[in-house]
Structure formats: C-alpha cells, structure tokens
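Trainee: Quick one: the structure is below, questions incoming.
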Amino acid sequence: MNKIGFRHAIRGIFKAIQFERNMKIHMVAMLIVLFTGLILTLNAIEWVFILIAIAIVLIAELLNTSIEKITDQIFTGRHEHARNIKDISAGAVLVAAIFAAMIGIIIFLPKIINFF
C-alpha cells in the first residue's frame with residue numbers, strides 16, 4: 001500500500017468513527033476491553049485472542065458500513081433486495097460481536113472472579 005492509499009484507509013476509518021453510531025459503540029467497547037485487559041494482566045495468548053476478536057468485529061463493521069453505503073447508492077427508496085443485503089451484512093457484524101463476547105467471557109470471567 002502506498003502512502004496515498006494508507007492515508008485514504010486511515011481517513012475511511014476516521015469517517016466511520018465520526019459518522020457511524022455503531023462504530024463509535026465498537027470503539028468504546030474496544031477501549032473498555034483493552035483497559036480491562038491491562039488491569040487483569042492478560043498473558044500473551046489471551047491478548048492474541050482478544051486482539052483478533054476486536055479486529056474481526058471492527059473489520060466486519062467497516063465492511064457492513066461500506067456495503068450499506070453502496071446499497072444506498074444502487075437502490076433508491078425502499079427495496080426488498082436492499083433490505084436483504086443490509087440485513088445480511090449486519091448479521092455478519094452480529095455474529096462477529098457474539099463470538100468476540102464469548103471469547104471475552106472465556107478470558108475475563110475467571111480473572112474477574114479471582115480479582116474479587
């Protein structure tokens with residue numbers, strides 16, 4: 001990726017954070033998870049799983065946002081195909097978020113129980 005492509009990629013991430021409510025929610029959740037991981041002193045393998053889970057959720061949300069924007073450009077007004085496309089891409093984010101939450105529970109719950 002050249003310098004200009006990298007700038008566009010970073011700009012896209014910031015635009016998603018700026019304009020997309022769900023991306024803001026994912027970013028806040030990410031910060032909470034990272035902060036909690038620091039407090040509970042995760043080991044290297046636990047960090048790998050947490051970081052992969054976070055990345056998958058953020059990637060899914062960015063792709064979902066892109067698919068929604070493209071769908072809005074292709075279909076004007078209410079259209080059953082547009083609705084299905086958006087529902088399916090949102091479903092991908094939901095699956096990613098559920099599995100990320102499961103990974104978080106598996107890693108954090110025993111540590112939280114031991115912490116208190």
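Letters for chains follow the order of the structure tokens (A, B, ...), residue numbers begin at 1 for each chain, and ligand numbers begin at 1 in the order shown.
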Quick one: residues within 10 Å of A:Leu40, only C-alpha atoms, excluding same-chain residues fewer than 6 positions away - as a PyMOL selection string?
Mentor: chain A and resi 34+108+111-112+114-115
Trainee: Please provide as a VMD selection string all residues within 8 Å of stretch 15-21 of chain A, with the sequence filter that same-chain residues fewer than 4 positions apart are discarded (counting only C-alpha atoms).
Mentor: chain A and resid 11 25 27 62 65
Trainee: Deliver the residues from the most recent selection as a file, using C-alpha atoms, as an mmCIF file, in the first residue's frame.
Mentor:
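Just written: again24.cif:
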```cif
data_model
loop_
_atom_site.group_PDB
_atom_site.id
_atom_site.type_symbol
_atom_site.label_atom_id
_atom_site.label_comp_id
_atom_site.auth_asym_id
_atom_site.auth_seq_id
_atom_site.Cartn_x
_atom_site.Cartn_y
_atom_site.Cartn_z
ATOM 1 C CA ARG A 11 -9.396 8.599 6.541
ATOM 2 C CA ILE A 25 -20.034 1.811 20.151
ATOM 3 C CA MET A 27 -14.612 1.705 19.642
ATOM 4 C CA LEU A 62 -16.292 -1.377 8.362
ATOM 5 C CA THR A 65 -20.847 0.211 6.593
#
```
Trainee: I'd like the neighbourhood of stretch 91-100 of chain A as a list in words, where a residue qualifies if any of its atoms comes within 7 Å (using only C-alpha atoms), though same-chain residues fewer than 5 positions away should be ignored.
Mentor: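 Contacts, with the query itself left out: Ala53, Ile54, Ile56, Val57, Ala60 and Glu61 of chain A.
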Trainee: Hey, can you spit out that residue selection with C-alpha atoms as a PDB file, in the first residue's frame?
Mentor:
```
ATOM      1  CA  ALA A  53     -11.672 -10.757  18.232  1.00  0.00           C
ATOM      2  CA  ILE A  54     -11.546  -6.943  18.297  1.00  0.00           C
ATOM      3  CA  ILE A  56     -12.743  -9.129  13.384  1.00  0.00           C
ATOM      4  CA  VAL A  57     -15.558  -7.027  14.868  1.00  0.00           C
ATOM      5  CA  ALA A  60     -16.979  -6.602   9.993  1.00  0.00           C
ATOM      6  CA  GLU A  61     -18.398  -3.198  10.970  1.00  0.00           C
TER       7      GLU A  61
END
```
Trainee: So the first atom is atom CA of A:Arg7 and the second is atom CA of A:Leu31; what is the distance between them in Å, to one decimal place?
Mentor: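 Distance reported for this atom pair: 23.2 Å.
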Trainee: Would you mind listing what lies within 12 Å of A:Val48 as a count of residues only, with only C-alpha atoms counted and same-chain residues fewer than 6 positions away left out?
Mentor: 8
Trainee: Find the residues near A:Ile67: any atom within 12 Å, counting only C-alpha atoms, skip ones fewer than 3 places away on the same chain, and give them as number ranges by chain.
Mentor: A: 60-64, 70-75, 82-90, 92-93
Trainee: Could the residues in this selection be saved with C-alpha atoms as a PDB file, in the first residue's frame?
Mentor:
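To be explicit, this is the file written out as out.pdb:
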```
ATOM      1  CA  ALA A  60     -16.979  -6.602   9.993  1.00  0.00           C
ATOM      2  CA  GLU A  61     -18.398  -3.198  10.970  1.00  0.00           C
ATOM      3  CA  LEU A  62     -16.292  -1.377   8.362  1.00  0.00           C
ATOM      4  CA  LEU A  63     -17.384  -3.830   5.664  1.00  0.00           C
ATOM      5  CA  ASN A  64     -21.012  -3.577   6.796  1.00  0.00           C
ATOM      6  CA  ILE A  70     -23.025   1.062  -1.733  1.00  0.00           C
ATOM      7  CA  THR A  71     -26.534  -0.376  -1.378  1.00  0.00           C
ATOM      8  CA  ASP A  72     -27.926   3.110  -0.729  1.00  0.00           C
ATOM      9  CA  GLN A  73     -26.286   4.312  -3.959  1.00  0.00           C
ATOM     10  CA  ILE A  74     -27.621   1.436  -6.048  1.00  0.00           C
ATOM     11  CA  PHE A  75     -31.187   1.275  -4.728  1.00  0.00           C
ATOM     12  CA  ALA A  82     -31.594  -3.589  -0.478  1.00  0.00           C
ATOM     13  CA  ARG A  83     -33.156  -4.588   2.824  1.00  0.00           C
ATOM     14  CA  ASN A  84     -31.890  -8.168   2.471  1.00  0.00           C
ATOM     15  CA  ILE A  85     -28.377  -7.007   1.583  1.00  0.00           C
ATOM     16  CA  LYS A  86     -28.237  -4.713   4.606  1.00  0.00           C
ATOM     17  CA  ASP A  87     -29.706  -7.327   6.942  1.00  0.00           C
ATOM     18  CA  ILE A  88     -27.180  -9.941   5.834  1.00  0.00           C
ATOM     19  CA  SER A  89     -24.194  -7.630   6.250  1.00  0.00           C
ATOM     20  CA  ALA A  90     -25.493  -6.507   9.661  1.00  0.00           C
ATOM     21  CA  ALA A  92     -22.139 -10.662   9.886  1.00  0.00           C
ATOM     22  CA  VAL A  93     -21.357  -7.952  12.438  1.00  0.00           C
TER      23      VAL A  93
END
```
Trainee: Can you measure atom CA of A:Ile45 to atom CA of A:Met102 for me? One decimal in Å is fine.
Mentor: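 For atom CA of A:Ile45 relative to atom CA of A:Met102, the distance reads 15.8 Å.
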Trainee: Figure out the distance between atom CA of A:Met30 and atom CA of A:Leu58, please, to one decimal in Å.
Mentor: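 Atom CA of A:Met30 lies 9.1 Å from atom CA of A:Leu58.
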Trainee: Of the candidates A:Ile113, A:Gly12, A:Val33, A:Ile59, which shows the shortest atom-to-atom distance to A:Trp47, using only C-alpha atoms?
Mentor: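 Closest residue, counting only C-alpha atoms: A:Val33.
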